[in-house]
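Source file: final_7.txt (compact mmCIF, C-alpha atoms)
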```txt
# COMPACT_ATOMS: atom_id res chain seq x y z
CA MET S 1 -11.94 -17.85 3.59
CA ASP S 2 -14.67 -17.88 0.91
CA ARG S 3 -14.21 -17.91 -2.85
CA VAL S 4 -14.97 -14.19 -3.24
CA LEU S 5 -12.20 -13.19 -0.86
CA VAL S 6 -9.79 -15.61 -2.58
CA ALA S 7 -10.67 -14.02 -5.93
CA LEU S 8 -10.03 -10.53 -4.53
CA ILE S 9 -6.67 -11.59 -3.06
CA VAL S 10 -5.51 -13.27 -6.27
CA GLY S 11 -6.70 -10.30 -8.31
CA GLN S 12 -4.64 -7.92 -6.22
CA ILE S 13 -1.60 -10.20 -6.43
CA CYS S 14 -1.87 -10.23 -10.23
CA LEU S 15 -2.11 -6.44 -10.51
CA HIS S 16 0.40 -5.60 -7.79
CA SER S 17 2.97 -8.16 -9.03
CA CYS S 18 3.02 -6.47 -12.43
CA MET S 19 3.47 -3.05 -10.84
CA ALA S 20 6.16 -4.27 -8.42
CA GLY S 21 8.05 -6.00 -11.23
CA VAL S 22 8.00 -2.93 -13.47
CA ARG S 23 8.96 -0.76 -10.48
CA MET S 24 12.05 -2.91 -9.98
CA ALA S 25 12.97 -3.34 -13.66
CA ALA S 26 12.45 0.21 -14.96
CA PRO S 27 14.98 1.95 -12.65
CA LEU S 28 17.48 -0.84 -13.28
CA GLN S 29 17.10 -0.41 -17.03
CA ALA S 30 17.52 3.35 -16.73
CA LEU S 31 20.74 2.92 -14.71
CA ARG S 32 22.16 0.36 -17.14
CA GLU S 33 21.57 2.78 -19.99
CA GLY S 34 23.60 5.47 -18.25
CA HIS S 35 20.96 7.70 -16.66
CA ALA S 36 21.88 9.57 -13.49
CA PRO S 37 20.66 8.39 -10.07
CA TRP S 38 18.39 11.44 -9.72
CA VAL S 39 16.56 10.22 -12.82
CA VAL S 40 15.80 7.00 -10.97
CA GLY S 41 14.42 9.04 -8.07
CA VAL S 42 12.05 10.89 -10.40
CA LEU S 43 11.00 7.62 -12.00
CA MET S 44 10.25 5.99 -8.65
CA GLY S 45 8.20 9.00 -7.55
CA LEU S 46 5.99 8.74 -10.63
CA PHE S 47 4.68 5.33 -9.54
CA ALA S 48 2.98 7.15 -6.64
CA ALA S 49 2.15 10.40 -8.49
CA ALA S 50 -0.70 9.12 -10.65
CA PRO S 51 -2.50 7.41 -7.72
CA ILE S 52 -2.49 10.72 -5.84
CA VAL S 53 -4.23 12.46 -8.75
CA LEU S 54 -6.67 9.70 -9.68
CA ALA S 55 -7.56 8.19 -6.31
CA LEU S 56 -10.76 10.17 -5.69
CA GLN S 57 -12.10 9.47 -9.18
CA ALA S 58 -11.32 5.78 -8.67
CA GLY S 59 -13.13 5.77 -5.33
CA ARG S 60 -16.23 7.44 -6.76
CA LEU S 61 -16.22 5.04 -9.69
CA ALA S 62 -16.12 2.05 -7.32
CA ASP S 63 -19.00 3.50 -5.28
CA ARG S 64 -21.10 3.98 -8.43
CA ARG S 65 -20.21 0.90 -10.47
CA GLY S 66 -19.02 -1.70 -7.99
CA TYR S 67 -16.05 -4.00 -8.61
CA HIS S 68 -15.99 -5.14 -12.23
CA HIS S 69 -15.93 -1.87 -14.18
CA PRO S 70 -13.06 -0.34 -12.15
CA MET S 71 -11.16 -3.64 -12.35
CA ARG S 72 -11.35 -3.63 -16.15
CA ILE S 73 -9.98 -0.08 -16.16
CA ALA S 74 -7.24 -1.09 -13.70
CA VAL S 75 -6.18 -4.01 -15.88
CA ALA S 76 -6.22 -1.84 -19.02
CA LEU S 77 -4.01 0.81 -17.39
CA THR S 78 -1.57 -1.73 -15.95
CA VAL S 79 -1.27 -3.67 -19.21
CA ALA S 80 -0.80 -0.41 -21.13
CA GLY S 81 2.03 0.61 -18.80
CA ALA S 82 3.80 -2.75 -19.18
CA ALA S 83 3.27 -2.55 -22.96
CA VAL S 84 4.96 0.87 -23.08
CA ALA S 85 7.90 -0.53 -21.12
CA LEU S 86 8.06 -3.50 -23.51
CA ALA S 87 7.87 -1.31 -26.62
CA VAL S 88 10.76 0.89 -25.56
CA THR S 89 13.12 -2.09 -25.57
CA TRP S 90 13.08 -1.70 -29.37
CA TRP S 91 13.63 2.09 -29.21
CA PRO S 92 16.12 2.70 -26.37
CA GLN S 93 16.55 6.39 -27.26
CA TRP S 94 13.12 6.98 -25.68
CA THR S 95 13.81 5.00 -22.53
CA PHE S 96 13.40 7.71 -19.90
CA ALA S 97 10.29 9.38 -21.34
CA ALA S 98 8.62 6.04 -22.01
CA MET S 99 9.48 4.69 -18.58
CA CYS S 100 7.91 7.77 -16.98
CA VAL S 101 4.70 7.08 -18.90
CA ALA S 102 4.88 3.39 -17.98
CA ALA S 103 5.38 4.22 -14.28
CA MET S 104 2.33 6.49 -14.20
CA LEU S 105 0.11 4.02 -16.05
CA VAL S 106 1.14 1.00 -13.98
CA GLY S 107 0.94 2.95 -10.71
CA ALA S 108 -2.52 4.28 -11.61
CA GLY S 109 -3.80 0.85 -12.64
CA ALA S 110 -2.61 -0.87 -9.47
CA ASN S 111 -4.20 1.85 -7.33
CA VAL S 112 -7.56 1.85 -9.14
CA GLY S 113 -7.69 -1.90 -8.67
CA LEU S 114 -6.65 -1.67 -5.01
CA ILE S 115 -9.47 0.76 -4.17
CA ALA S 116 -12.08 -1.42 -5.89
CA ILE S 117 -10.72 -4.56 -4.19
CA GLN S 118 -10.65 -3.04 -0.70
CA ARG S 119 -14.14 -1.59 -1.05
CA THR S 120 -15.55 -4.92 -2.24
CA ALA S 121 -13.72 -6.88 0.45
CA GLY S 122 -15.25 -4.69 3.15
CA ARG S 123 -18.73 -5.39 1.79
CA THR S 124 -18.25 -9.14 2.17
CA ALA S 125 -17.98 -8.82 5.96
CA THR S 126 -21.05 -8.88 8.19
CA ASP S 127 -19.58 -7.60 11.47
CA PRO S 128 -16.45 -5.88 12.85
CA THR S 129 -14.73 -9.16 13.70
CA ALA S 130 -15.24 -10.38 10.14
CA LEU S 131 -13.87 -7.07 8.85
CA LYS S 132 -10.64 -7.59 10.77
CA ARG S 133 -10.32 -11.12 9.38
CA VAL S 134 -11.05 -10.00 5.82
CA PHE S 135 -8.48 -7.21 5.83
CA SER S 136 -5.87 -9.40 7.52
CA TRP S 137 -6.15 -11.96 4.72
CA LEU S 138 -6.26 -9.22 2.09
CA GLY S 139 -3.13 -7.64 3.59
CA LEU S 140 -1.16 -10.71 2.54
CA ALA S 141 -1.68 -9.88 -1.15
CA PRO S 142 0.77 -6.93 -1.44
CA ALA S 143 3.33 -8.79 0.68
CA LEU S 144 3.22 -11.77 -1.70
CA ALA S 145 3.12 -9.54 -4.78
CA ASN S 146 6.20 -7.63 -3.61
CA VAL S 147 8.02 -10.96 -3.67
CA VAL S 148 6.54 -12.42 -6.86
CA GLY S 149 6.92 -9.33 -9.05
CA PRO S 150 10.55 -8.34 -8.36
CA VAL S 151 11.83 -11.94 -8.14
CA LEU S 152 10.10 -12.90 -11.39
CA ALA S 153 11.32 -9.75 -13.14
CA GLY S 154 14.89 -10.20 -11.89
CA ALA S 155 15.07 -13.84 -12.98
CA LEU S 156 13.66 -13.02 -16.43
CA ILE S 157 16.06 -10.10 -16.90
CA ASP S 158 18.99 -12.39 -16.18
CA LEU S 159 17.64 -15.14 -18.46
CA GLY S 160 16.24 -13.19 -21.40
CA GLY S 161 16.72 -9.47 -20.85
CA PHE S 162 14.29 -6.66 -20.13
CA ARG S 163 12.13 -7.51 -23.14
CA ALA S 164 11.33 -10.96 -21.75
CA ALA S 165 10.64 -9.53 -18.30
CA TYR S 166 8.17 -6.92 -19.51
CA ALA S 167 6.46 -9.42 -21.83
CA VAL S 168 5.72 -11.78 -18.93
CA LEU S 169 4.76 -8.99 -16.52
CA LEU S 170 2.30 -7.71 -19.13
CA VAL S 171 0.36 -10.98 -18.95
CA LEU S 172 -0.07 -11.01 -15.14
CA PRO S 173 -2.93 -8.46 -14.88
CA PHE S 174 -5.16 -10.60 -17.10
CA GLY S 175 -5.28 -13.06 -14.22
CA ALA S 176 -7.22 -10.44 -12.25
CA LEU S 177 -9.90 -10.43 -14.96
CA ALA S 178 -10.12 -14.22 -14.93
CA TRP S 179 -10.60 -14.33 -11.16
CA ALA S 180 -13.06 -11.41 -11.27
CA ARG S 181 -15.67 -13.85 -12.61
CA ARG S 182 -15.93 -15.27 -9.09
CA VAL S 183 -16.94 -11.88 -7.65
CA PRO S 184 -20.72 -11.26 -7.75
CA ARG S 185 -21.88 -8.19 -9.62
CA GLU S 186 -23.68 -5.51 -7.68
CA PRO S 187 -26.28 -3.19 -9.22
CA PRO S 188 -25.08 0.34 -10.00
CA ALA S 189 -25.80 2.84 -7.26
CA HIS S 190 -28.95 4.81 -7.98
CA ARG S 191 -28.79 8.57 -7.58
CA PRO S 192 -31.59 10.97 -8.54
CA ALA S 193 -30.79 13.15 -11.54
CA ASP S 194 -31.20 16.36 -9.54
CA ALA S 195 -29.13 15.13 -6.59
CA VAL S 196 -26.06 17.19 -5.70
CA ARG S 197 -22.96 15.04 -5.63
CA PRO S 198 -21.37 15.26 -2.19
CA ARG S 199 -17.83 16.55 -2.08
CA ALA S 200 -15.14 14.11 -1.03
CA TRP S 201 -13.72 16.66 1.39
CA ASP S 202 -17.03 16.62 3.29
CA LEU S 203 -15.96 13.20 4.55
CA PHE S 204 -13.43 14.97 6.75
CA ARG S 205 -16.39 16.03 8.89
CA THR S 206 -16.99 12.36 9.73
CA PRO S 207 -16.20 11.91 13.43
CA GLY S 208 -12.83 10.26 13.82
CA LEU S 209 -11.83 10.22 10.14
CA ARG S 210 -9.27 13.02 10.31
CA ARG S 211 -7.73 11.43 13.37
CA LEU S 212 -7.65 8.04 11.65
CA LEU S 213 -5.97 9.45 8.52
CA ALA S 214 -3.39 11.25 10.65
CA VAL S 215 -2.60 8.01 12.47
CA ASN S 216 -2.45 6.22 9.12
CA TRP S 217 0.02 8.80 7.79
CA LEU S 218 2.30 8.38 10.81
CA LEU S 219 2.30 4.61 10.44
CA SER S 220 2.87 4.82 6.68
CA SER S 221 5.80 7.14 7.34
CA SER S 222 7.16 4.56 9.76
CA TRP S 223 7.26 2.00 6.95
CA ASP S 224 9.01 4.52 4.70
CA VAL S 225 11.60 5.60 7.25
CA HIS S 226 12.46 1.98 8.05
CA ALA S 227 12.93 1.07 4.39
CA PHE S 228 14.98 4.23 3.87
CA LEU S 229 17.20 4.10 6.94
CA VAL S 230 18.02 0.40 7.32
CA PRO S 231 20.31 0.44 4.25
CA VAL S 232 21.86 3.72 5.44
CA ILE S 233 22.56 2.61 9.00
CA GLY S 234 23.55 -0.87 7.79
CA HIS S 235 26.13 0.69 5.48
CA GLU S 236 27.43 2.79 8.37
CA ARG S 237 27.82 -0.40 10.42
CA GLY S 238 29.71 -2.10 7.58
CA PHE S 239 27.07 -4.79 6.90
CA SER S 240 27.07 -6.65 3.58
CA ALA S 241 24.34 -6.09 1.02
CA SER S 242 22.98 -9.57 1.70
CA ALA S 243 22.80 -8.83 5.44
CA ILE S 244 20.87 -5.62 4.83
CA GLY S 245 18.53 -7.45 2.45
CA LEU S 246 18.00 -10.17 5.05
CA ILE S 247 17.05 -7.56 7.68
CA LEU S 248 14.41 -6.12 5.35
CA GLY S 249 13.28 -9.65 4.48
CA VAL S 250 12.80 -10.50 8.15
CA PHE S 251 10.63 -7.40 8.49
CA ALA S 252 8.42 -8.54 5.57
CA ILE S 253 8.10 -12.06 6.99
CA SER S 254 7.09 -10.62 10.36
CA VAL S 255 4.40 -8.49 8.71
CA ALA S 256 2.98 -11.53 6.94
CA ALA S 257 3.11 -13.62 10.14
CA ILE S 258 1.04 -11.18 12.21
CA ARG S 259 -1.53 -10.88 9.43
CA LEU S 260 -1.87 -14.65 9.39
CA ALA S 261 -2.38 -14.62 13.16
CA ILE S 262 -4.99 -11.84 13.34
CA PRO S 263 -7.88 -13.90 11.85
CA LEU S 264 -7.41 -16.40 14.69
CA ILE S 265 -7.73 -13.80 17.44
CA ALA S 266 -9.83 -11.12 15.72
CA GLN S 267 -12.72 -11.35 18.16
CA HIS S 268 -10.43 -10.34 21.05
CA LEU S 269 -8.95 -7.26 19.34
CA ARG S 270 -10.11 -3.66 19.77
CA GLU S 271 -9.13 -1.34 16.95
CA GLY S 272 -8.09 1.72 18.99
CA GLN S 273 -6.17 -0.35 21.51
CA VAL S 274 -4.27 -2.23 18.81
CA LEU S 275 -3.40 0.99 16.97
CA ALA S 276 -2.20 2.75 20.12
CA GLY S 277 -0.27 -0.29 21.32
CA ALA S 278 1.37 -0.80 17.93
CA MET S 279 2.47 2.83 17.80
CA LEU S 280 4.03 2.68 21.25
CA TRP S 281 5.72 -0.60 20.32
CA ALA S 282 7.07 0.95 17.09
CA ALA S 283 8.31 3.99 19.01
CA GLY S 284 10.28 1.71 21.34
CA VAL S 285 11.83 -0.16 18.40
CA PHE S 286 12.86 3.10 16.72
CA ALA S 287 14.46 4.24 19.97
CA LEU S 288 16.60 1.07 20.10
CA TYR S 289 17.59 0.85 16.44
CA PRO S 290 20.57 3.26 16.58
CA PHE S 291 22.13 1.14 19.34
CA ALA S 292 22.05 -2.07 17.25
CA GLN S 293 25.65 -2.67 16.22
CA ALA S 294 25.21 -6.25 14.98
CA ALA S 295 23.20 -7.39 11.98
CA TRP S 296 21.40 -10.09 13.97
CA LEU S 297 20.24 -7.49 16.51
CA MET S 298 18.90 -5.26 13.74
CA GLY S 299 17.11 -8.34 12.42
CA VAL S 300 15.45 -8.86 15.81
CA LEU S 301 14.33 -5.24 15.86
CA ALA S 302 13.07 -5.49 12.27
CA ALA S 303 10.97 -8.51 13.26
CA ALA S 304 9.56 -6.63 16.25
CA LEU S 305 8.70 -3.63 14.07
CA GLY S 306 7.07 -5.87 11.47
CA LEU S 307 4.74 -7.29 14.13
CA ALA S 308 3.65 -3.77 15.12
CA LEU S 309 3.23 -2.25 11.66
CA GLY S 310 1.77 -5.42 10.16
CA ALA S 311 -1.07 -5.39 12.69
CA VAL S 312 -2.29 -1.87 11.98
CA GLN S 313 -3.53 -2.08 8.38
CA PRO S 314 -6.43 -4.45 9.18
CA MET S 315 -7.40 -2.24 12.13
CA ILE S 316 -7.31 0.96 10.07
CA MET S 317 -9.37 -0.54 7.25
CA THR S 318 -11.86 -2.03 9.73
CA THR S 319 -12.28 1.33 11.46
CA LEU S 320 -12.53 3.19 8.15
CA HIS S 321 -15.40 0.97 7.02
CA GLN S 322 -17.24 1.42 10.31
CA ILE S 323 -17.06 5.21 10.64
CA THR S 324 -17.84 6.17 7.03
CA PRO S 325 -21.16 5.78 5.13
CA PRO S 326 -21.36 2.49 3.18
CA GLU S 327 -22.24 4.30 -0.03
CA ARG S 328 -19.01 6.32 0.23
CA HIS S 329 -16.53 3.63 1.23
CA GLY S 330 -14.75 3.99 -2.11
CA GLU S 331 -14.12 7.70 -1.55
CA ALA S 332 -12.95 7.08 2.02
CA ILE S 333 -10.50 4.43 0.84
CA ALA S 334 -9.34 6.85 -1.85
CA LEU S 335 -8.57 9.52 0.75
CA ARG S 336 -6.49 7.00 2.67
CA SER S 337 -4.74 5.98 -0.56
CA MET S 338 -3.89 9.61 -1.30
CA THR S 339 -2.24 10.11 2.09
CA ILE S 340 -0.18 6.92 1.71
CA ASN S 341 1.00 7.71 -1.83
CA LEU S 342 1.73 11.33 -0.97
CA SER S 343 3.83 10.10 1.94
CA SER S 344 5.65 7.59 -0.26
CA ALA S 345 6.39 10.27 -2.85
CA LEU S 346 7.53 13.07 -0.52
CA MET S 347 8.78 11.55 2.72
CA PRO S 348 11.95 9.95 1.28
CA LEU S 349 13.02 13.42 0.12
CA LEU S 350 12.43 14.77 3.63
CA PHE S 351 14.21 11.80 5.19
CA GLY S 352 17.19 12.38 2.93
CA ALA S 353 17.43 16.05 3.89
CA LEU S 354 16.97 15.40 7.61
CA GLY S 355 19.33 12.43 7.55
CA ALA S 356 22.05 14.55 6.02
CA ALA S 357 21.45 17.30 8.59
CA VAL S 358 21.02 15.36 11.84
CA GLY S 359 22.16 11.81 11.03
CA ALA S 360 20.35 8.50 10.65
CA SER S 361 20.25 7.75 14.38
CA THR S 362 18.58 11.05 15.25
CA LEU S 363 16.06 10.54 12.47
CA PHE S 364 15.11 7.18 14.02
CA TRP S 365 14.54 8.90 17.35
CA LEU S 366 12.51 11.73 15.78
CA MET S 367 10.28 9.22 14.00
CA GLY S 368 9.92 7.24 17.21
CA ALA S 369 8.86 10.35 19.11
CA ALA S 370 6.31 11.26 16.44
CA VAL S 371 4.74 7.82 16.21
CA GLY S 372 4.72 7.46 19.99
CA ALA S 373 2.87 10.77 20.33
CA GLY S 374 0.41 9.51 17.71
CA SER S 375 -0.72 6.76 20.07
CA VAL S 376 -2.78 9.36 21.97
CA PRO S 377 -5.13 10.26 19.06
CA ALA S 378 -5.14 6.59 18.02
CA ARG S 379 -6.61 5.58 21.36
CA ARG S 380 -9.28 8.29 21.02
CA ILE S 381 -10.65 7.01 17.71
CA ALA S 382 -14.24 6.19 18.59
CA LEU S 383 -16.54 3.82 16.74
CA PRO S 384 -20.28 4.36 16.41
CA GLU S 385 -21.99 2.76 19.40
CA PRO S 386 -23.88 0.01 17.48
CA LEU S 387 -20.66 -1.10 15.82
CA ARG S 388 -18.43 -1.50 18.85
CA THR S 389 -16.96 -4.97 19.13
```

Starting from the file, give its structure as structure tokens.
Amino acid sequence: MDRVLVALIVGQICLHSCMAGVRMAAPLQALREGHAPWVVGVLMGLFAAAPIVLALQAGRLADRRGYHHPMRIAVALTVAGAAVALAVTWWPQWTFAAMCVAAMLVGAGANVGLIAIQRTAGRTATDPTALKRVFSWLGLAPALANVVGPVLAGALIDLGGFRAAYAVLLVLPFGALAWARRVPREPPAHRPADAVRPRAWDLFRTPGLRRLLAVNWLLSSSWDVHAFLVPVIGHERGFSASAIGLILGVFAISVAAIRLAIPLIAQHLREGQVLAGAMLWAAGVFALYPFAQAAWLMGVLAAALGLALGAVQPMIMTTLHQITPPERHGEAIALRSMTINLSSALMPLLFGALGAAVGASTLFWLMGAAVGAGSVPARRIALPEPLRT
């Protein structure tokens, strides 16, 4: 792993840890100040709302200006969001409105940075095997950040209150600027003054892209349904909160483990085959989940699902970089980001409605059927002939 990739990974950890910490602390603060649970739902949705709106602009900016300019904007937005959250600790009467603003700013900043980081990471690779390795290593960053941010925020809240937590979280994004010095600058993209800017939606004409984004949406929904339903079905089974947390923790560890393994075997992996196999594997796990009556058995299934879903992100990013024009990688990543954030914002509402209507077990089976059917288009995703591994 070279120093540029290390800098990109650390930069994402710094940004994402701040966002994850605020995302944990803000709803907790709202609940402690007496706001209704539905308020927390709105607040959580706003972390994904801004990325949906700004993703395409962030992708175009990364294509035009490279890594450093978007990263400075990402840090500014993230720090501003944490500063708003910090400021409201002195004026609690504005908590909800201020936290909504903080959620949108922090969510937008983390996403702008993510798009710039993923685009730059893809440009460091020289062949498809290297792409798989790069995105496997890069995939560890959000997993680590989702531990660092919430754990740090929780410990600081207990020790010094929300003010101390937000003050420390506010400092984290500056680490991304410090590590950005290790990333080489690239010259701005040159475009003739009379050139017509291509529309982002024209990318959907790229062979295989629509199929890839549909597969990506199904897999993203699989993450969401697992995170949503494990607490529900665990509660139905009478598991303790610590047991449910351990099941989700095992899933996260499994995701990290497979991403550590992929760089060692990258040259033997074929993107379409891995995607299709992972979807069939996930479908089988979803089919078995409702029959798991013991916490340890749910933990085994969570580990199996983590192996499947953890393997797909490097394959999707590798394929995305191979089938789209290099000068429009930022826009392509932005389209993927929009589908993920839209799923994260809307799917929990759908899961809640369906779960109430048909039950958690049936929802597992429905998701399993959908992701299993998605293995067919996944296998048909074709790479350009010169880029086949």

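For the pair atom CA of S:Ile333 and atom CA of S:Gly59, the interatomic distance is 6.8 Å.
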
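Across S:Leu366, S:Leu260, S:Leu140, S:Met44, the tightest approach to S:Leu218 is made by S:Leu366 when counting only C-alpha atoms.
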
| Who sits within 8 Å of S:Phe135, all atoms listed in the file, same chain under 3 positions skipped, as number ranges by chain | S: 121-122, 131-132, 138-139, 313-314, 317-318

Mind dumping a table of every stretch 291-315 of chain S residue within 12 Å of stretch 371-381 of chain S, with the nearest atom pair and its distance in Å to one decimal, using only C-alpha atoms, sorted by chain and rising number, as CSV?
```
residue,atom,partner,partner_atom,distance
S:Ala308,CA,S:Val371,CA,11.7
S:Leu309,CA,S:Val371,CA,11.2
S:Val312,CA,S:Ala378,CA,10.8
S:Met315,CA,S:Ala378,CA,10.9
```

Residues of the last selection are to be written out with C-alpha atoms, as a compact mmCIF listing (two decimals), in the frame of the given file.
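Heads up, here's the output in again_2.txt:
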```
# COMPACT_ATOMS: atom_id res chain seq x y z
CA ALA S 308 3.65 -3.77 15.12
CA LEU S 309 3.23 -2.25 11.66
CA VAL S 312 -2.29 -1.87 11.98
CA MET S 315 -7.40 -2.24 12.13
```

| Which of S:Ile265, S:Ala283, S:Leu169, S:Ala143 sits closest to S:Ile9 [using only C-alpha atoms] | S:Ala143

| Residues within 9 Å of (-8.9, 3.6, 15.4), file coords, all atoms listed in the file, listed as a VMD selection string | chain S and resid 208 to 209 211 to 212 215 270 to 276 315 to 316 318 to 320 377 to 383

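With distances restricted to only C-alpha atoms, S:Ile115 is the closest residue to S:Leu61 from S:Ala97, S:Ala87, S:Ala295, S:Ile115.
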
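Considering the residues S:Ala26, S:Ala103, S:Val148, S:Ala292 and counting all atoms listed in the file, S:Ser361 has its shortest atom-to-atom contact with S:Ala292.
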
| task | Give the answer as one residue: which of S:Thr95, S:Ser221, S:Asn111, S:Thr78 has the shortest atom-to-atom distance to S:His35, using all atoms listed in the file? | result | S:Thr95

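Using only C-alpha atoms, the shortest contact distance between S:Val225 and any of S:Gln57, S:Gln293, S:Ser343, S:Ser17 is found at S:Ser343.
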
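Atom pair atom CA of S:Ile247 / atom CA of S:Met298: separated by 6.7 Å.
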
| task | Write out as a ChimeraX atom specification each polymer residue whose atoms come within 8 Å of S:Val232, counting all atoms listed in the file; drop sequence neighbours fewer than 4 positions from it. | result | /S:228,236,360
